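Dumped model02.csv below, it's CSV, C-alpha atoms:
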```csv
chain,number,residue,atom,x,y,z
A,175,MET,CA,90.7,100.9,58.5
A,176,THR,CA,93.8,98.6,58.3
A,177,ASP,CA,95.7,101.0,60.7
A,178,THR,CA,92.8,100.7,63.2
A,179,LEU,CA,92.7,96.9,62.9
A,180,SER,CA,96.5,96.5,63.4
A,181,SER,CA,96.4,98.9,66.4
A,182,LEU,CA,93.7,96.7,68.0
A,183,ILE,CA,95.7,93.6,67.3
A,184,ASP,CA,98.8,95.2,68.9
A,185,LEU,CA,96.7,96.3,71.8
A,186,LYS,CA,95.4,92.8,72.5
A,187,SER,CA,98.9,91.3,72.3
A,188,ALA,CA,100.4,93.8,74.7
A,189,PRO,CA,100.7,92.7,78.4
A,190,HIS,CA,98.7,95.7,79.6
A,191,TYR,CA,95.6,94.4,77.7
A,192,ARG,CA,94.9,92.0,80.5
A,193,ARG,CA,95.1,94.7,83.1
A,194,GLY,CA,92.3,94.5,85.6
A,195,CYS,CA,92.7,90.7,86.2
A,196,PRO,CA,94.7,90.5,89.4
A,197,LEU,CA,95.7,86.9,88.7
A,198,SER,CA,97.0,87.7,85.2
A,199,GLU,CA,98.9,90.7,86.7
A,200,LEU,CA,100.4,88.4,89.4
A,201,ARG,CA,101.5,85.8,86.8
A,202,ASP,CA,103.1,88.6,84.7
A,203,LYS,CA,104.9,89.9,87.8
A,204,LEU,CA,106.3,86.5,88.6
A,205,ARG,CA,107.5,86.0,85.0
A,206,ARG,CA,109.1,89.5,84.9
A,207,VAL,CA,111.3,88.5,87.9
A,208,GLY,CA,112.2,85.1,86.4
A,209,LEU,CA,109.8,82.9,88.4
A,210,ARG,CA,107.6,80.4,86.8
A,211,PRO,CA,104.0,81.1,87.9
A,212,THR,CA,103.2,77.7,89.4
A,213,ARG,CA,99.8,77.1,91.0
A,214,GLN,CA,101.4,77.3,94.4
A,215,ARG,CA,103.3,80.5,93.8
A,216,VAL,CA,100.3,82.2,92.3
A,217,SER,CA,98.0,81.1,95.2
A,218,LEU,CA,100.5,82.2,97.8
A,219,GLY,CA,101.2,85.4,95.9
A,220,TRP,CA,97.5,86.1,95.8
A,221,LEU,CA,97.2,85.7,99.6
A,222,LEU,CA,100.4,87.8,100.1
A,223,PHE,CA,99.8,90.7,97.8
A,224,GLY,CA,96.0,90.8,97.6
A,225,LYS,CA,95.7,92.6,100.9
A,226,GLY,CA,98.0,95.6,100.3
A,227,ASP,CA,101.2,96.2,102.1
A,228,ARG,CA,101.7,94.0,105.2
A,229,HIS,CA,104.1,92.1,107.4
A,230,ILE,CA,103.6,88.4,107.6
A,231,THR,CA,105.3,85.3,109.0
A,232,ALA,CA,105.5,82.0,107.2
A,233,GLU,CA,103.2,80.5,109.9
A,234,VAL,CA,100.5,83.1,109.4
A,235,LEU,CA,100.6,82.7,105.6
A,236,PHE,CA,100.4,78.9,106.0
A,237,ASP,CA,97.4,79.4,108.2
A,238,GLU,CA,95.8,81.7,105.7
A,239,ALA,CA,96.5,79.2,102.9
A,240,SER,CA,95.0,76.4,104.9
A,241,LYS,CA,91.8,78.4,105.6
A,242,ALA,CA,91.6,79.3,101.8
A,243,ARG,CA,92.1,75.5,101.0
A,244,VAL,CA,95.3,76.1,99.2
A,245,PRO,CA,97.1,72.7,99.4
A,246,VAL,CA,100.7,73.7,100.4
A,247,SER,CA,103.1,72.5,103.1
A,248,LEU,CA,104.8,74.9,105.6
A,249,ALA,CA,108.1,74.0,103.8
A,250,THR,CA,106.6,75.2,100.5
A,251,VAL,CA,105.4,78.4,102.1
A,252,TYR,CA,109.0,79.0,103.5
A,253,ASN,CA,110.5,78.2,100.1
A,254,THR,CA,108.1,80.5,98.2
A,255,LEU,CA,108.7,83.4,100.7
A,256,HIS,CA,112.5,83.0,100.3
A,257,GLN,CA,112.2,82.8,96.4
A,258,PHE,CA,110.0,86.0,96.4
A,259,THR,CA,112.6,87.7,98.7
A,260,GLU,CA,115.5,86.7,96.4
A,261,VAL,CA,113.9,88.3,93.4
A,262,GLY,CA,112.9,91.5,95.3
A,263,LEU,CA,109.2,91.0,95.6
A,264,LEU,CA,109.5,90.8,99.5
A,265,ARG,CA,111.8,92.1,102.1
A,266,GLN,CA,112.8,89.8,105.0
A,267,LEU,CA,113.1,91.4,108.4
A,268,ALA,CA,114.9,89.9,111.3
A,269,VAL,CA,113.2,91.2,114.5
A,270,ASP,CA,114.4,88.6,116.9
A,271,GLY,CA,115.8,85.1,116.7
A,272,THR,CA,112.5,83.3,116.8
A,273,LYS,CA,110.6,84.6,113.7
A,274,ALA,CA,111.3,86.0,110.3
A,275,TYR,CA,108.9,88.6,109.0
A,276,PHE,CA,108.3,89.3,105.4
A,277,ASP,CA,107.3,92.7,104.1
A,278,THR,CA,105.2,93.0,100.9
A,279,ASN,CA,106.6,96.5,100.5
A,280,PRO,CA,110.2,95.9,99.4
A,281,THR,CA,111.2,99.5,99.4
A,282,GLU,CA,113.7,100.7,102.0
A,283,HIS,CA,111.7,101.9,105.0
A,284,HIS,CA,111.8,101.6,108.8
A,285,HIS,CA,109.5,99.8,111.3
A,286,PHE,CA,108.1,99.9,114.8
A,287,PHE,CA,107.9,96.4,116.5
A,288,LEU,CA,105.1,96.1,119.0
A,289,GLU,CA,106.6,93.6,121.4
A,290,GLU,CA,103.4,92.5,123.1
A,291,GLU,CA,101.5,91.9,119.9
A,292,GLY,CA,104.5,90.6,117.9
A,293,GLU,CA,103.5,92.9,115.1
A,294,LEU,CA,105.5,95.1,112.8
A,295,VAL,CA,104.2,98.6,111.7
A,296,ASP,CA,105.6,100.8,109.1
A,297,MET,CA,107.3,103.9,110.6
A,298,PRO,CA,106.4,107.3,109.0
A,299,SER,CA,109.1,108.2,106.5
A,300,THR,CA,109.9,111.5,108.1
A,301,GLY,CA,111.8,112.0,111.2
A,302,ILE,CA,114.5,109.3,110.9
A,303,THR,CA,118.0,110.2,110.0
A,304,VAL,CA,120.9,107.7,110.1
A,305,ALA,CA,124.2,109.6,110.1
A,306,ASP,CA,127.8,108.8,110.9
A,307,LEU,CA,127.8,105.2,110.0
A,308,PRO,CA,131.1,103.5,110.4
A,309,ALA,CA,133.1,102.8,107.3
A,310,ALA,CA,132.3,99.4,105.7
A,311,PRO,CA,135.1,96.8,106.0
A,312,GLU,CA,137.5,96.5,103.1
A,313,GLY,CA,135.8,95.2,100.0
A,314,MET,CA,132.3,95.8,101.4
A,315,GLU,CA,129.7,98.4,100.9
A,316,VAL,CA,126.5,99.3,102.8
A,317,ALA,CA,123.6,97.7,101.0
A,318,GLY,CA,120.9,99.4,103.2
A,319,VAL,CA,120.0,100.5,106.7
A,320,GLU,CA,117.0,99.2,108.5
A,321,VAL,CA,115.8,100.7,111.7
A,322,ILE,CA,113.4,98.7,113.9
A,323,VAL,CA,112.2,100.5,117.0
A,324,ARG,CA,110.8,98.2,119.6
A,325,LEU,CA,107.8,99.5,121.5
A,326,ARG,CA,106.0,98.3,124.6
A,327,ARG,CA,103.3,99.8,126.8
A,328,LYS,CA,104.5,101.9,129.6
A,329,SER,CA,104.3,100.3,133.0
A,330,THR,CA,102.2,102.3,135.4
```

Would it be possible to restate this file's structure as structure tokens?
Amino acid sequence: MTDTLSSLIDLKSAPHYRRGCPLSELRDKLRRVGLRPTRQRVSLGWLLFGKGDRHITAEVLFDEASKARVPVSLATVYNTLHQFTEVGLLRQLAVDGTKAYFDTNPTEHHHFFLEEEGELVDMPSTGITVADLPAAPEGMEVAGVEVIVRLRRKST
């Protein structure tokens, strides 16, 4: 009886006991990477990660936050996106000089960029081989390789 009781107490104190509550999981995720789960970070994280893997700009996230009545400024959205990127929750992608895209899937993978729509789409993981990279300069190493293939409709 005592063993059963102590195992229940241990179970309740374990972080996985709260599994199933997305907000608790998000708060735990933020704590694990060293970020304090402030109201704004949790609200923006909920909007970012609650819809699965996606590519988003700060302006789109700000618009979603406004529609969801999350009181944040565009500067706070940018700061939060950069903080999430620094701790590895997001990947920042530079497609052109006008916009930064943030990918909620931080693993290394490649993208198609649909020029007319201004949209990034994950590329299938098969079929891309990057070979014969030049040697990195002295004291440097290759941290990763990103391939972005720009697509547009054929002109007829």

Measure the distance from CA of Asp277 (chain A) to CA of Ala305 (chain A) in Å and round it to one decimal. 24.6 Å

Residues near region 290-296 of chain A, cut-off 8 Å, all atoms listed in the file, skip fewer than 6 positions along chain, as a PDB file with C-alpha atoms, in the frame of the given file:
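What follows is the written file around_19.pdb:
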```
ATOM      1  CA  HIS A 229     104.100  92.100 107.400  1.00  0.00           C
ATOM      2  CA  HIS A 283     111.700 101.900 105.000  1.00  0.00           C
ATOM      3  CA  HIS A 284     111.800 101.600 108.800  1.00  0.00           C
ATOM      4  CA  ARG A 326     106.000  98.300 124.600  1.00  0.00           C
TER       5      ARG A 326
END
```

For each of A:Lys273, A:Arg324, A:Arg201, A:His256, take the minimum atom-to-atom distance to Gly219 (chain A), counting all atoms listed in the file, then give the residue where this is smallest. A:Arg201

List the neighbours of Gly208 (chain A) out to 10 Å using only C-alpha atoms; skip same-chain residues closer than 5 positions along the sequence, and give me the result as a list of chain:residue names.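 What passes the distance filter is A:Asp202, A:Lys203, A:Val261.
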
Which residue of A:Arg210, A:Arg215, A:Arg327, A:Arg205 approaches Leu255 (chain A) most closely, using all atoms listed in the file: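 Closest to Leu255 (chain A), using all atoms listed in the file: A:Arg215.
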
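Pairwise distance (CA of Ala239 (chain A), CA of Leu218 (chain A)) equals 7.1 Å.
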
Distance criterion (only C-alpha atoms): nearest to Gln266 (chain A) out of A:Phe236, A:Phe286, A:Tyr252, A:Trp220: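 Of A:Phe236, A:Phe286, A:Tyr252, A:Trp220, the one nearest Gln266 (chain A) is A:Tyr252, counting only C-alpha atoms.
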
Separation of CA of Asp270 (chain A) from CA of His285 (chain A), in Å and rounded to one decimal: 13.4 Å

Give me the residues near Ala232 (chain A) as a list in words, where near means some atom within 10 Å (using all atoms listed in the file) and where sequence neighbours in that chain fewer than 6 positions away do not count. Glu238, Leu248, Ala249, Thr250, Val251, Tyr252, Asn253, Thr254, Leu255, His256, Lys273, Ala274, Tyr275 and Phe276 of chain A

For Asn279 (chain A), which residue out of A:Ala309, A:Met314, A:Leu209, A:Ile230 is the nearest one, using all atoms listed in the file?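 Counting all atoms listed in the file, the residue closest to Asn279 (chain A) is A:Ile230.
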
Given all atoms listed in the file as the counted atoms, nearest of A:Val316, A:Leu222, A:Val304, A:Ala310 to Leu200 (chain A):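 Looking at the shortest contact to Leu200 (chain A), the residue is A:Leu222.
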